[in-house]
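Novice: Structure incoming, see below.
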Amino acid sequence: MALWTRFKRLIRSIFGGAISSLENPRLILEQNIRELNEQVPKMNENIATVKANVILLQKEERKSRGQVDMLASKIKAALQGGREDLAQQHALRLEAARTQFEKSKEQLAYASAAYDKAQQVKKVFMRERQRKIDEAQEAMRAHERAKWQSEIADALEQFEIAGIDNTHQEMISRLDQETAKNEARMEMALDSVDAGALKLEEDAESFRAAEIVRQMKIEMGLEKEEQKPTLTRLNLDESDAGNRTIGRSQVS
């Protein structure tokens, strides 16, 4: 007997481990959820059957009560009419009706209790079903999060193993150095340019542009051309001014 027990334990250890390795927890949980949901219609069908039995027994109980009341009325009428023989005949039927009525009442009580019990069982089942579904769904969501975290961890490990981190930082440093070098060259080039000369060139260009616009306005008749003094008249005026200055100096 002990040998057989040890043999069964060995078989379970071998095949149990193989089955566990083949099982997919997520697929099993999804199947469990489907089975829990499939049990709800079956339970509702069973409860409906119990309820139908209650309704039938209620009808039978009312019918038995009506039979009892009818026979009792007939017995009373026969006695009032002096027909004791007829009352005795109804009395036997009344006894059988009362027996059936009590039996119907008892069956109805059992059926009603069974229906109430079925309703309670359904409430417990639905609550437990929802708890198991929520628990399974949360476990599957946690598993998905863990898978994503595992993939991120693998990626980070690959960065370190493949030396990507080192080369990444090295390339960034080299780009920063080249950027700083080019910026320094630009600053040096700007410093070597004569800012004053650039300003004079800009002013000369502005003056030339204004003169071109003025000439266009004159041609279009939008502006009159200013009369400029001739060179001869300008020189004579300068000579007169000089002579007057010399004369005053001699008088003094």
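Identifiers for the structure tokens are assigned positionally: chains receive A, B, ... in sequence, residues are indexed from 1 per chain, and ligands are indexed from 1 in the order shown.
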Extract, using only C-alpha atoms, all DNA, RNA and protein residues at most 9 Å from A:Gln67, discarding same-chain residues fewer than 6 positions from it, and format them as a CSV table (one decimal) with C-alpha atoms, in the first residue's frame.
Specialist:
chain,number,residue,atom,x,y,z
A,94,LEU,CA,-64.5,17.2,2.8
A,97,ALA,CA,-60.2,17.8,0.4
A,98,ARG,CA,-58.8,19.0,3.7
A,101,PHE,CA,-55.3,21.2,1.2
Novice: Taking only C-alpha atoms into account, which of A:Leu79, A:Leu27, A:Met43, A:Ala209 comes nearest A:Gln120?
Specialist: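 That would be A:Met43, the residue with the smallest distance to A:Gln120.
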